[in-house]
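A.B. asks: Got a file for you: final_36.txt, compact mmCIF, C-alpha atoms and all ligand atoms.
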```
# COMPACT_ATOMS: atom_id res chain seq x y z
CA MET L 542 -25.06 -4.25 -8.18
CA ASN L 543 -22.86 -3.33 -11.15
CA ILE L 544 -19.16 -3.71 -10.44
CA LEU L 545 -16.05 -2.46 -12.24
CA ILE L 546 -12.67 -4.06 -11.56
CA LEU L 547 -9.54 -2.28 -12.84
CA GLY L 548 -6.60 -4.39 -14.02
CA SER L 549 -5.65 -7.18 -16.40
CA GLY L 550 -3.68 -9.86 -14.56
CA GLY L 551 -4.19 -13.10 -12.69
CA ARG L 552 -5.03 -11.08 -9.59
CA GLU L 553 -7.94 -9.41 -11.39
CA HIS L 554 -9.12 -12.70 -12.93
CA ALA L 555 -9.23 -14.20 -9.43
CA LEU L 556 -11.03 -11.15 -8.01
CA ALA L 557 -13.56 -11.26 -10.86
CA TRP L 558 -14.06 -15.01 -10.39
CA ALA L 559 -14.82 -14.57 -6.68
CA VAL L 560 -17.00 -11.47 -7.10
CA LYS L 561 -19.01 -13.18 -9.83
CA GLN L 562 -19.99 -15.98 -7.42
CA ASN L 563 -21.72 -13.54 -5.09
CA PRO L 564 -25.44 -13.12 -5.83
CA LYS L 565 -25.14 -9.34 -5.21
CA THR L 566 -23.26 -9.07 -8.52
CA ASP L 567 -25.42 -8.10 -11.48
CA ARG L 568 -23.14 -6.79 -14.19
CA LEU L 569 -19.36 -7.27 -13.90
CA ILE L 570 -16.96 -5.28 -16.07
CA VAL L 571 -13.17 -5.56 -15.97
CA ALA L 572 -10.95 -2.95 -17.60
CA PRO L 573 -8.90 -3.81 -19.54
CA GLY L 574 -9.17 -7.51 -18.58
CA ASN L 575 -7.70 -10.44 -20.54
CA ALA L 576 -8.88 -13.51 -22.46
CA GLY L 577 -9.67 -15.51 -19.32
CA ILE L 578 -11.52 -12.65 -17.67
CA ALA L 579 -13.56 -12.20 -20.86
CA GLN L 580 -15.05 -15.65 -20.26
CA LEU L 581 -16.80 -14.47 -17.09
CA ALA L 582 -17.12 -10.69 -17.36
CA ASP L 583 -17.39 -7.92 -19.92
CA CYS L 584 -14.06 -6.32 -20.74
CA ALA L 585 -13.71 -2.62 -21.51
CA GLU L 586 -10.90 -0.45 -22.82
CA ILE L 587 -10.37 2.46 -20.43
CA ASP L 588 -7.17 4.30 -19.53
CA ILE L 589 -7.13 3.00 -15.95
CA LEU L 590 -4.56 5.59 -14.89
CA ASP L 591 -6.96 8.40 -15.82
CA GLY L 592 -9.34 9.07 -12.93
CA ALA L 593 -11.65 11.27 -15.01
CA ALA L 594 -11.94 8.57 -17.68
CA VAL L 595 -12.79 5.95 -15.05
CA VAL L 596 -15.42 8.23 -13.47
CA ALA L 597 -17.00 8.93 -16.87
CA PHE L 598 -17.10 5.21 -17.69
CA CYS L 599 -18.78 4.48 -14.34
CA ALA L 600 -21.45 7.10 -15.00
CA GLU L 601 -22.18 5.73 -18.48
CA ASN L 602 -22.39 2.16 -17.22
CA ALA L 603 -24.28 2.72 -13.94
CA ILE L 604 -21.40 1.28 -11.90
CA ASP L 605 -22.10 0.97 -8.16
CA PHE L 606 -18.73 -0.29 -6.93
CA VAL L 607 -15.16 0.11 -8.22
CA ILE L 608 -12.42 -2.33 -7.19
CA ILE L 609 -8.89 -1.17 -8.04
CA GLY L 610 -6.44 -4.05 -8.60
CA PRO L 611 -2.93 -2.71 -9.36
CA GLU L 612 -0.79 -0.10 -7.62
CA ALA L 613 -0.30 2.27 -10.55
CA PRO L 614 -3.90 3.63 -10.63
CA LEU L 615 -3.83 3.93 -6.82
CA ALA L 616 -0.62 5.98 -6.92
CA ALA L 617 -2.14 8.03 -9.76
CA GLY L 618 -5.11 9.00 -7.57
CA VAL L 619 -7.86 7.04 -9.33
CA ALA L 620 -9.48 6.15 -5.98
CA ASP L 621 -9.50 9.85 -5.06
CA ALA L 622 -11.30 10.64 -8.33
CA THR L 623 -13.92 7.91 -8.00
CA ARG L 624 -14.63 8.74 -4.34
CA ALA L 625 -14.90 12.44 -5.14
CA ALA L 626 -17.51 11.48 -7.75
CA GLY L 627 -19.49 9.67 -5.05
CA LEU L 628 -18.61 6.16 -6.19
CA LEU L 629 -18.17 3.38 -3.68
CA THR L 630 -14.49 2.43 -4.08
CA PHE L 631 -12.16 -0.30 -2.88
CA GLY L 632 -8.58 0.96 -2.77
CA PRO L 633 -6.61 3.66 -0.95
CA SER L 634 -6.20 7.31 -1.88
CA ALA L 635 -2.95 8.39 -3.52
CA ALA L 636 -1.83 9.85 -0.18
CA ALA L 637 -2.45 6.51 1.57
CA ALA L 638 -0.98 4.47 -1.29
CA ARG L 639 2.35 6.10 -0.47
CA LEU L 640 2.76 3.12 1.85
CA GLU L 641 3.67 1.28 -1.34
CA ALA L 642 4.71 4.14 -3.62
CA SER L 643 7.43 5.48 -1.31
CA LYS L 644 9.68 3.20 0.69
CA ALA L 645 11.12 6.18 2.60
CA PHE L 646 7.59 7.21 3.59
CA THR L 647 6.88 3.73 4.98
CA LYS L 648 10.14 3.61 6.94
CA GLU L 649 9.40 6.99 8.44
CA LEU L 650 5.86 5.88 9.34
CA CYS L 651 7.30 2.80 11.06
CA ASP L 652 9.57 5.08 13.08
CA ALA L 653 6.62 7.28 14.02
CA CYS L 654 4.43 4.40 15.20
CA GLY L 655 7.12 2.09 16.57
CA ALA L 656 6.57 -0.76 14.12
CA PRO L 657 9.51 -3.21 14.03
CA THR L 658 11.36 -3.10 10.69
CA ALA L 659 14.94 -3.11 9.37
CA ALA L 660 17.17 -0.20 10.40
CA TYR L 661 17.61 2.22 7.48
CA ALA L 662 18.88 5.51 6.15
CA ARG L 663 17.64 7.54 3.16
CA PHE L 664 19.75 9.41 0.61
CA ALA L 665 19.21 11.90 -2.18
CA ASP L 666 22.77 11.70 -3.55
CA ALA L 667 25.16 8.91 -4.48
CA ALA L 668 28.24 10.10 -2.56
CA ALA L 669 26.52 10.05 0.82
CA ALA L 670 24.85 6.70 0.04
CA ARG L 671 28.19 5.16 -1.00
CA ALA L 672 29.89 6.39 2.15
CA TYR L 673 27.10 4.93 4.30
CA VAL L 674 27.26 1.53 2.60
CA LYS L 675 31.06 1.43 2.99
CA ALA L 676 30.68 2.16 6.70
CA GLN L 677 27.94 -0.47 7.17
CA GLY L 678 29.39 -3.26 5.02
CA ALA L 679 27.53 -6.07 3.21
CA PRO L 680 25.13 -7.80 3.04
CA ILE L 681 22.90 -4.75 2.78
CA VAL L 682 19.72 -3.85 0.90
CA VAL L 683 19.49 -0.95 -1.57
CA LYS L 684 16.01 0.23 -2.61
CA ALA L 685 14.76 2.81 -5.07
CA ASP L 686 12.24 4.90 -3.12
CA GLY L 687 9.44 4.85 -5.69
CA LEU L 688 7.45 2.33 -7.74
CA ALA L 689 9.77 0.30 -9.97
CA ALA L 690 7.54 -2.61 -11.05
CA GLY L 691 9.04 -4.85 -8.37
CA LYS L 692 12.59 -4.37 -9.66
CA GLY L 693 13.80 -1.54 -7.44
CA VAL L 694 15.14 -3.69 -4.58
CA ILE L 695 18.71 -5.00 -4.66
CA VAL L 696 19.67 -7.40 -1.88
CA ALA L 697 23.43 -6.91 -2.13
CA MET L 698 25.53 -9.73 -0.72
CA THR L 699 28.79 -7.85 -1.43
CA LEU L 700 29.91 -4.24 -1.07
CA ASP L 701 30.55 -4.04 -4.83
CA GLU L 702 26.97 -5.07 -5.63
CA ALA L 703 25.64 -2.45 -3.22
CA LEU L 704 27.81 0.30 -4.70
CA ALA L 705 26.80 -0.70 -8.23
CA ALA L 706 23.12 -0.60 -7.22
CA ILE L 707 23.56 2.90 -5.81
CA ASP L 708 25.23 4.06 -9.02
CA ASP L 709 22.48 2.47 -11.15
CA MET L 710 19.71 4.06 -9.12
CA PHE L 711 21.17 7.55 -9.04
CA GLY L 712 22.20 7.02 -12.68
CA GLY L 713 18.51 6.88 -13.61
CA GLU L 714 17.97 3.14 -14.12
CA PHE L 715 14.60 3.39 -12.36
CA GLY L 716 13.78 6.92 -13.50
CA GLU L 717 12.09 9.11 -10.91
CA ALA L 718 11.65 6.11 -8.60
CA GLY L 719 15.40 6.18 -7.92
CA ALA L 720 15.73 9.90 -7.23
CA GLU L 721 15.81 8.92 -3.58
CA VAL L 722 17.35 5.68 -2.26
CA VAL L 723 16.65 3.82 0.96
CA ILE L 724 19.42 1.63 2.36
CA GLU L 725 18.40 -1.04 4.83
CA GLU L 726 19.86 -3.54 7.20
CA PHE L 727 19.76 -7.03 5.65
CA MET L 728 17.22 -9.13 7.53
CA THR L 729 17.41 -12.91 7.74
CA GLY L 730 14.48 -15.22 8.44
CA GLU L 731 11.49 -16.57 6.53
CA GLU L 732 9.18 -14.26 4.61
CA ALA L 733 5.40 -14.45 4.51
CA SER L 734 2.58 -12.23 3.33
CA PHE L 735 -0.23 -11.03 5.57
CA PHE L 736 -3.40 -9.53 4.07
CA VAL L 737 -5.51 -7.19 6.18
CA LEU L 738 -8.54 -5.20 5.10
CA THR L 739 -8.96 -1.82 6.74
CA ASP L 740 -11.62 0.85 6.37
CA GLY L 741 -9.32 3.43 7.93
CA VAL L 742 -10.28 2.56 11.51
CA ASN L 743 -11.10 -1.14 11.80
CA ALA L 744 -8.83 -3.93 10.62
CA LEU L 745 -9.77 -7.46 9.55
CA PRO L 746 -7.12 -10.07 8.66
CA ILE L 747 -8.26 -12.04 5.61
CA GLY L 748 -5.46 -14.51 5.13
CA THR L 749 -1.80 -15.39 4.90
CA ALA L 750 0.25 -16.64 1.97
CA GLN L 751 3.78 -17.30 0.84
CA ASP L 752 5.01 -16.75 -2.68
CA HIS L 753 8.07 -18.00 -4.53
CA LYS L 754 9.87 -14.99 -6.00
CA ARG L 755 12.85 -16.73 -7.63
CA VAL L 756 12.50 -18.20 -11.09
CA GLY L 757 14.32 -21.47 -10.36
CA ALA L 758 13.75 -24.65 -8.36
CA GLY L 759 14.67 -24.43 -4.68
CA ASP L 760 14.18 -20.64 -4.78
CA THR L 761 17.26 -19.92 -6.87
CA GLY L 762 17.95 -17.64 -9.83
CA PRO L 763 16.68 -14.18 -10.69
CA ASN L 764 13.75 -12.49 -8.94
CA THR L 765 10.35 -12.48 -10.64
CA GLY L 766 6.93 -11.09 -9.85
CA GLY L 767 6.19 -14.50 -8.26
CA MET L 768 6.29 -18.05 -9.68
CA GLY L 769 3.67 -19.50 -7.38
CA ALA L 770 2.03 -19.11 -3.98
CA TYR L 771 0.08 -20.96 -1.37
CA SER L 772 -2.27 -20.10 1.47
CA PRO L 773 -2.28 -20.35 4.41
CA ALA L 774 1.38 -19.73 5.27
CA PRO L 775 2.09 -22.11 8.17
CA VAL L 776 4.98 -19.93 9.42
CA LEU L 777 2.53 -17.11 10.18
CA THR L 778 1.07 -18.77 13.24
CA PRO L 779 -1.93 -17.23 15.02
CA ALA L 780 0.45 -15.86 17.67
CA LEU L 781 2.61 -14.17 15.03
CA GLN L 782 -0.48 -12.76 13.31
CA ASP L 783 -1.59 -11.29 16.65
CA GLN L 784 1.87 -9.81 17.13
CA ALA L 785 1.86 -8.33 13.62
CA MET L 786 -1.59 -6.82 14.19
CA ALA L 787 -0.60 -5.33 17.55
CA GLN L 788 2.87 -4.06 16.71
CA ILE L 789 2.77 -3.31 12.98
CA ILE L 790 -0.66 -3.21 11.33
CA ARG L 791 -2.85 -1.43 13.89
CA PRO L 792 -0.19 1.21 14.75
CA SER L 793 0.32 1.92 11.03
CA ILE L 794 -3.43 2.31 10.41
CA ALA L 795 -3.78 4.58 13.45
CA GLU L 796 -0.82 6.71 12.37
CA MET L 797 -2.22 7.11 8.83
CA ALA L 798 -5.57 8.22 10.30
CA ARG L 799 -3.88 10.59 12.74
CA ARG L 800 -2.13 12.28 9.81
CA GLY L 801 -5.44 12.87 8.06
CA THR L 802 -4.72 10.30 5.33
CA PRO L 803 -6.67 7.25 6.50
CA TYR L 804 -5.84 4.06 4.63
CA GLN L 805 -8.83 2.24 3.14
CA GLY L 806 -8.32 -0.97 1.17
CA VAL L 807 -6.13 -4.00 1.58
CA LEU L 808 -2.87 -3.63 3.40
CA TYR L 809 -0.51 -6.31 2.17
CA ALA L 810 2.32 -6.63 4.66
CA GLY L 811 5.47 -8.50 3.70
CA LEU L 812 6.82 -9.84 6.99
CA MET L 813 10.18 -11.34 7.93
CA ILE L 814 9.93 -13.94 10.68
CA GLU L 815 12.86 -14.90 12.86
CA ASN L 816 13.14 -16.14 16.45
CA GLY L 817 9.39 -16.01 16.97
CA GLN L 818 9.12 -12.33 16.01
CA CYS L 819 8.02 -10.61 12.82
CA ARG L 820 9.32 -7.41 11.31
CA LEU L 821 7.91 -5.45 8.38
CA VAL L 822 9.77 -5.85 5.07
CA GLU L 823 7.39 -3.67 3.09
CA TYR L 824 3.78 -2.69 2.57
CA ASN L 825 1.86 -2.99 -0.67
CA ALA L 826 -1.33 -0.99 -1.16
CA ARG L 827 -3.07 -3.72 -3.17
CA PHE L 828 -3.54 -7.46 -3.26
CA GLY L 829 -0.50 -9.59 -4.15
CA ASP L 830 -0.13 -11.39 -7.43
CA PRO L 831 -0.15 -14.45 -7.41
CA GLU L 832 -1.20 -14.50 -3.72
CA THR L 833 -4.69 -13.21 -4.58
CA GLN L 834 -5.32 -16.28 -6.71
CA VAL L 835 -5.00 -18.54 -3.66
CA LEU L 836 -6.78 -16.14 -1.30
CA MET L 837 -9.77 -15.76 -3.62
CA MET L 838 -9.99 -19.49 -4.16
CA ARG L 839 -10.27 -19.92 -0.39
CA LEU L 840 -12.68 -17.02 0.19
CA GLY L 841 -14.98 -17.49 -2.82
CA GLY L 842 -18.05 -15.28 -3.13
CA GLN L 843 -17.76 -13.83 0.41
CA ALA L 844 -14.81 -11.80 -0.91
CA LEU L 845 -17.28 -9.29 -2.37
CA ASP L 846 -19.04 -8.86 0.99
CA LEU L 847 -15.67 -8.22 2.65
CA LEU L 848 -14.55 -5.67 0.03
CA LEU L 849 -17.91 -3.91 0.34
CA ALA L 850 -17.68 -3.80 4.14
CA CYS L 851 -14.21 -2.31 3.73
CA ALA L 852 -15.36 0.35 1.26
CA GLU L 853 -18.44 1.22 3.36
CA GLY L 854 -16.54 1.49 6.67
CA ARG L 855 -18.31 -1.51 8.21
CA LEU L 856 -15.39 -3.81 8.94
CA ASP L 857 -16.11 -3.71 12.69
CA SER L 858 -19.01 -6.12 12.11
CA ALA L 859 -17.53 -8.13 9.21
CA ARG L 860 -16.39 -11.73 9.69
CA VAL L 861 -14.41 -14.11 7.49
CA HIS L 862 -15.90 -17.61 7.27
CA TRP L 863 -12.94 -19.91 6.93
CA ALA L 864 -12.87 -23.41 5.60
CA GLU L 865 -9.94 -25.38 7.01
CA ASP L 866 -8.49 -25.70 3.52
CA HIS L 867 -5.35 -24.95 1.54
CA ALA L 868 -4.87 -23.44 -1.90
CA LEU L 869 -1.84 -23.41 -4.17
CA THR L 870 -1.15 -21.70 -7.48
CA VAL L 871 1.55 -22.48 -10.05
CA VAL L 872 2.55 -19.69 -12.41
CA MET L 873 3.12 -20.73 -16.01
CA ALA L 874 5.44 -18.22 -17.65
CA ALA L 875 6.77 -17.66 -21.15
CA GLN L 876 10.23 -19.18 -21.73
CA GLY L 877 12.86 -16.53 -21.06
CA TYR L 878 10.92 -14.78 -18.29
CA PRO L 879 11.96 -12.78 -16.23
CA GLY L 880 14.37 -11.86 -19.06
CA ALA L 881 13.31 -11.33 -22.67
CA TYR L 882 10.46 -13.55 -23.88
CA ALA L 883 8.21 -13.85 -26.92
CA LYS L 884 4.47 -13.15 -26.96
CA GLY L 885 1.80 -14.67 -29.16
CA SER L 886 2.33 -18.45 -28.85
CA VAL L 887 -0.82 -20.60 -28.90
CA ILE L 888 -1.95 -22.30 -25.68
CA HIS L 889 -3.90 -25.54 -26.15
CA GLY L 890 -5.89 -27.66 -23.76
CA LEU L 891 -7.57 -24.95 -21.70
CA GLU L 892 -11.11 -25.73 -22.93
CA ALA L 893 -11.02 -29.26 -21.54
CA LEU L 894 -9.99 -28.22 -18.01
CA PRO L 895 -12.34 -28.29 -15.04
CA GLU L 896 -13.48 -24.90 -13.75
CA THR L 897 -14.80 -25.55 -10.27
CA SER L 898 -14.58 -23.95 -6.86
CA ALA L 899 -11.48 -26.12 -6.32
CA ASP L 900 -9.70 -26.02 -9.70
CA MET L 901 -9.25 -22.94 -11.80
CA VAL L 902 -6.71 -21.73 -14.32
CA PHE L 903 -6.57 -17.95 -13.94
CA HIS L 904 -5.20 -15.99 -16.87
CA ALA L 905 -2.42 -13.53 -16.11
CA GLY L 906 -1.26 -12.49 -19.58
CA THR L 907 -3.38 -13.81 -22.45
CA ARG L 908 -5.41 -12.57 -25.37
CA ALA L 909 -7.95 -14.27 -27.61
CA GLN L 910 -7.61 -14.32 -31.38
CA ASP L 911 -9.62 -16.35 -33.91
CA GLY L 912 -10.97 -18.61 -31.19
CA GLN L 913 -7.51 -19.36 -29.80
CA ILE L 914 -5.83 -18.27 -26.58
CA LEU L 915 -2.41 -16.66 -27.10
CA SER L 916 0.26 -15.76 -24.57
CA ASN L 917 0.51 -12.03 -24.06
CA GLY L 918 2.98 -11.47 -21.23
CA GLY L 919 5.74 -12.96 -19.11
CA ARG L 920 3.54 -14.55 -16.49
CA VAL L 921 0.74 -16.10 -18.52
CA LEU L 922 -1.40 -18.59 -16.56
CA ASN L 923 -1.96 -19.45 -12.89
CA ALA L 924 -2.99 -23.06 -12.33
CA THR L 925 -4.79 -22.84 -8.99
CA ALA L 926 -6.35 -25.52 -6.84
CA ARG L 927 -7.70 -26.13 -3.37
CA GLY L 928 -7.52 -29.18 -1.13
CA ALA L 929 -8.02 -30.44 2.40
CA THR L 930 -4.22 -30.47 2.69
CA LEU L 931 -1.51 -28.45 0.97
CA ALA L 932 -0.23 -31.66 -0.65
CA GLU L 933 -3.66 -32.27 -2.19
CA ALA L 934 -3.88 -28.68 -3.44
CA GLN L 935 -0.41 -29.03 -4.95
CA ALA L 936 -1.26 -32.31 -6.70
CA ARG L 937 -4.45 -30.81 -8.16
CA ALA L 938 -2.66 -27.66 -9.34
CA TYR L 939 0.04 -29.67 -11.13
CA ALA L 940 -2.65 -31.89 -12.68
CA LEU L 941 -4.02 -28.69 -14.27
CA VAL L 942 -0.52 -27.70 -15.41
CA ASP L 943 0.05 -31.12 -16.97
CA ALA L 944 -3.19 -30.92 -18.94
CA ILE L 945 -2.12 -27.65 -20.58
CA ASP L 946 -0.31 -27.97 -23.89
CA TRP L 947 1.97 -24.96 -24.25
CA PRO L 948 5.53 -25.83 -25.31
CA GLU L 949 6.60 -22.16 -25.20
CA GLY L 950 5.85 -21.97 -21.47
CA PHE L 951 7.50 -23.27 -18.30
CA CYS L 952 6.82 -23.46 -14.59
CA ARG L 953 8.54 -24.43 -11.37
CA ARG L 954 7.75 -27.98 -10.24
CA ASP L 955 8.33 -27.35 -6.52
CA ILE L 956 5.79 -24.71 -5.52
CA GLY L 957 4.94 -25.16 -1.85
CA TRP L 958 8.13 -27.03 -0.92
CA ARG L 959 8.90 -24.96 2.17
CA ALA L 960 5.58 -25.87 3.74
CA LEU L 961 5.46 -29.53 2.67
P1 LIG F 1 10.11 -5.70 -2.45
O1 LIG F 1 10.26 -5.44 -3.93
O2 LIG F 1 10.11 -4.52 -1.58
O3 LIG F 1 9.02 -6.73 -2.23
O4 LIG F 1 11.41 -6.50 -2.01
C1 LIG F 1 11.76 -7.61 -2.72
C2 LIG F 1 12.35 -8.62 -1.80
O5 LIG F 1 13.60 -8.17 -1.32
C3 LIG F 1 11.57 -8.92 -0.55
O6 LIG F 1 10.49 -9.77 -0.75
C4 LIG F 1 12.66 -9.54 0.31
O7 LIG F 1 12.86 -10.88 -0.10
C5 LIG F 1 13.85 -8.75 -0.06
N1 LIG F 1 14.11 -7.71 0.93
C6 LIG F 1 13.62 -6.45 0.96
N2 LIG F 1 14.07 -5.78 2.03
C7 LIG F 1 14.88 -6.63 2.70
C8 LIG F 1 15.66 -6.53 3.89
N3 LIG F 1 15.75 -5.39 4.61
N4 LIG F 1 16.36 -7.62 4.29
C9 LIG F 1 16.34 -8.76 3.55
N5 LIG F 1 15.62 -8.91 2.42
C10 LIG F 1 14.90 -7.86 2.00
N1 LIG F 2 3.75 -11.39 -5.25
C1 LIG F 2 4.37 -10.17 -4.92
C2 LIG F 2 3.59 -8.97 -5.18
O1 LIG F 2 2.44 -9.00 -5.58
O2 LIG F 2 4.14 -7.88 -5.00
```
With the file now loaded, output its structure as structure tokens.
C.D. replies:
Amino acid sequence: MNILILGSGGREHALAWAVKQNPKTDRLIVAPGNAGIAQLADCAEIDILDGAAVVAFCAENAIDFVIIGPEAPLAAGVADATRAAGLLTFGPSAAAARLEASKAFTKELCDACGAPTAAYARFADAAAARAYVKAQGAPIVVKADGLAAGKGVIVAMTLDEALAAIDDMFGGEFGEAGAEVVIEEFMTGEEASFFVLTDGVNALPIGTAQDHKRVGAGDTGPNTGGMGAYSPAPVLTPALQDQAMAQIIRPSIAEMARRGTPYQGVLYAGLMIENGQCRLVEYNARFGDPETQVLMMRLGGQALDLLLACAEGRLDSARVHWAEDHALTVVMAAQGYPGAYAKGSVIHGLEALPETSADMVFHAGTRAQDGQILSNGGRVLNATARGATLAEAQARAYALVDAIDWPEGFCRRDIGWRAL
């Protein structure tokens, strides 16, 4: 079959890499893609936020299956457009993607279905929000309701930080995303990510992971989109996964269906684990980045069969075939990230690296020019490896990192430390 993947990051490189291994794949196109993706698929320039443009491209290129990577096209209704055109699609409708696009919506859904999560209140004006925070005290968590590219959450350890966050959000720092603000109880515990495919009715867990959000060693410093990840996440024991399915995931899926907006795609649940219980931190309506890189390395070509079963409503009979393995990815970022950074530095040494089912450097932000690979973003490469143990996966991933010659980049040297 001919497959179109939308997106341009490490997540989409990993999805393309896995899909390409499945013999069902004939032609693979990624839009817009990046320099690494271009080595295994055709790349196309489409406005991926424009549903009509995506539908027209699919018709011209005889696409059979569309896989939507990032949240922005989901929130923009691209999956609605492709499904309306009769295209098999992986990814939720705009109405269902509200589970990521509106934090207030998700909190209200949790209330409706009894899913454990932090206590909260929602506000449409600063004065009421400030009064609430003063009454509650710190630490407390202030969130812009809408999509803010991962920056709309302030975990305020002091009252002053919380009040400043409220002023920033209602002052327009996050645009429309901050027109409404959700204020939450601060939860303590250990966080992990749980990935579940659902066709709207059936649910199939496809893996756990943990990422490292802080830029610095020992999980210190500013928040980033993720500096590394590993799978599985040992803290998400089988018992906790069962609890999350029973108390959080299945009730959410059932409530979405009951409301006439069934959720079809991957539900990425951020969970907080404490005292043998998990609570929902947030949902994302897409795969995580860089968590997908480790999930895809572990799933390989069967990932396509699972995404197809999800899109075709056949998850009741789908099974994941697990190897008892571990995968770990190290993000190589441009110096300065997550603050200001330069683009366009040359990366050497990639050609000589192994590309196997156990070692792969996924590209997150690169472009090719005159036969060279140039950095083209903040997070640039994802050195990803698999092993029989997490320690082996970590050693292999850092061996890839050490073979890359890119003085303008940096990475954390301690990815995986919590689990090792
Ligand atoms: P998000 O952008 O929604 O993924 O949130 C970013 C991070 O903020 C999460 O991964 C958590 O580490 C943290 N966070 C969000 N909500 C809470 C909460 N209620 N209590 C403690 N930490 C939180
Ligand atoms: N790694 C965090 C995310 O994809 O949102």
A.B. asks: Give me the segment 711-740 of chain L side of the contact with segment 668-689 of chain L, cut-off 9 Å, one line per residue showing its nearest atom pair and distance in Å at one decimal, counting only C-alpha atoms, sorted by chain and residue number, as CSV.
C.D. replies:
```
residue,atom,partner,partner_atom,distance
L:Phe711,CA,L:Ala685,CA,8.9
L:Phe715,CA,L:Ala689,CA,6.2
L:Gly716,CA,L:Ala689,CA,8.5
L:Glu717,CA,L:Gly687,CA,7.2
L:Ala718,CA,L:Gly687,CA,3.9
L:Gly719,CA,L:Ala685,CA,4.5
L:Ala720,CA,L:Asp686,CA,7.4
L:Glu721,CA,L:Asp686,CA,5.4
L:Val722,CA,L:Ala685,CA,4.8
L:Val723,CA,L:Lys684,CA,5.1
L:Ile724,CA,L:Val683,CA,4.7
L:Glu725,CA,L:Val682,CA,5.0
L:Glu726,CA,L:Ile681,CA,5.5
L:Phe727,CA,L:Ile681,CA,4.8
L:Met728,CA,L:Ile681,CA,8.6
```
A.B. asks: Next, dump the selected residues to file, keeping only C-alpha atoms, as a PDB file, in the coordinates of the input.
C.D. replies:
```pdb
ATOM      1  CA  PHE L 711      21.170   7.550  -9.040  1.00  0.00           C
ATOM      2  CA  PHE L 715      14.600   3.390 -12.360  1.00  0.00           C
ATOM      3  CA  GLY L 716      13.780   6.920 -13.500  1.00  0.00           C
ATOM      4  CA  GLU L 717      12.090   9.110 -10.910  1.00  0.00           C
ATOM      5  CA  ALA L 718      11.650   6.110  -8.600  1.00  0.00           C
ATOM      6  CA  GLY L 719      15.400   6.180  -7.920  1.00  0.00           C
ATOM      7  CA  ALA L 720      15.730   9.900  -7.230  1.00  0.00           C
ATOM      8  CA  GLU L 721      15.810   8.920  -3.580  1.00  0.00           C
ATOM      9  CA  VAL L 722      17.350   5.680  -2.260  1.00  0.00           C
ATOM     10  CA  VAL L 723      16.650   3.820   0.960  1.00  0.00           C
ATOM     11  CA  ILE L 724      19.420   1.630   2.360  1.00  0.00           C
ATOM     12  CA  GLU L 725      18.400  -1.040   4.830  1.00  0.00           C
ATOM     13  CA  GLU L 726      19.860  -3.540   7.200  1.00  0.00           C
ATOM     14  CA  PHE L 727      19.760  -7.030   5.650  1.00  0.00           C
ATOM     15  CA  MET L 728      17.220  -9.130   7.530  1.00  0.00           C
TER      16      MET L 728
END
```
A.B. asks: Set the cut-off to 10 Å, count all atoms listed in the file, and list whatever residues fall near ligand LIG 1 (chain F) as a VMD selection string.
C.D. replies: chain L and resid 641 644 658 to 661 680 to 686 688 to 697 723 to 734 752 to 755 764 to 767 810 to 813 820 to 825
A.B. asks: With segment 893-899 of chain L as the partner and 12 Å as the cut-off, tabulate the residues of segment 821-888 of chain L that qualify, each row holding the nearest pair of atoms and their distance in Å to one decimal, using only C-alpha atoms, sorted by chain and rising number, as a tab-separated table.
C.D. replies:
```
residue	atom	partner	partner_atom	distance
L:Gln834	CA	L:Ala899	CA	11.6
L:Val835	CA	L:Ala899	CA	10.3
L:Met837	CA	L:Ser898	CA	10.0
L:Met838	CA	L:Ser898	CA	6.9
L:Arg839	CA	L:Ala899	CA	8.7
L:Leu840	CA	L:Ser898	CA	10.1
L:Gly841	CA	L:Ser898	CA	7.6
L:Gly842	CA	L:Ser898	CA	10.1
L:Asp866	CA	L:Ala899	CA	10.3
L:His867	CA	L:Ala899	CA	10.0
L:Ala868	CA	L:Ala899	CA	8.4
L:Leu869	CA	L:Ala899	CA	10.2
L:Thr870	CA	L:Ala899	CA	11.3
```
A.B. asks: Kindly give the distance, in Å, that separates atom CA of Phe903 of chain L and atom CA of Asn923 of chain L, rounded to a single decimal.
C.D. replies: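 These atoms are spaced 5.0 Å apart.
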A.B. asks: Within 12 Å of (17.2, -23.4, -12.7), in the coordinates the file gives, what residues turn up when you count only C-alpha atoms, written out as JSON, numbers by chain?
C.D. replies: {"L": [755, 756, 757, 758, 759, 760, 761, 762, 763, 877, 951, 952, 953, 954, 955]}
A.B. asks: Atom CA of Pro611 of chain L and atom CA of Gly829 of chain L, how far apart in Å?
C.D. replies: 9.0 Å
A.B. asks: Hey, which of L:Ala780, L:Glu612, L:Gly854, L:Tyr939 ends up closest to ligand LIG 2 (chain F)? Count all atoms listed in the file.
C.D. replies: L:Glu612
A.B. asks: Kindly give the distance, in Å, that separates atom CA of Val887 of chain L and atom CA of Leu581 of chain L, rounded to a single decimal.
C.D. replies: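 It comes out at 20.8 Å.
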A.B. asks: Just want the 9 Å neighbourhood of Ala636 of chain L, counted on all atoms listed in the file, with same-chain residues fewer than 6 positions away dropped. Output as a VMD selection string.
C.D. replies: chain L and resid 616 618 802 to 804
A.B. asks: Using only C-alpha atoms and all ligand atoms, pick whichever of L:Gly627, L:Pro564, L:Gly713, L:Gly769 has the shortest atom-to-atom distance to ligand LIG 2 (chain F).
C.D. replies: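 Selected residue with least distance to ligand LIG 2 (chain F): L:Gly769.
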A.B. asks: Counting only C-alpha atoms, what is within 12 Å of Leu836 of chain L, bar same-chain residues fewer than 3 positions away, as a PyMOL selection string?
C.D. replies: chain L and resi 552+555-556+558-559+734-737+746-752+770-774+828-833+839-844+861+863-864+866-870+925-927
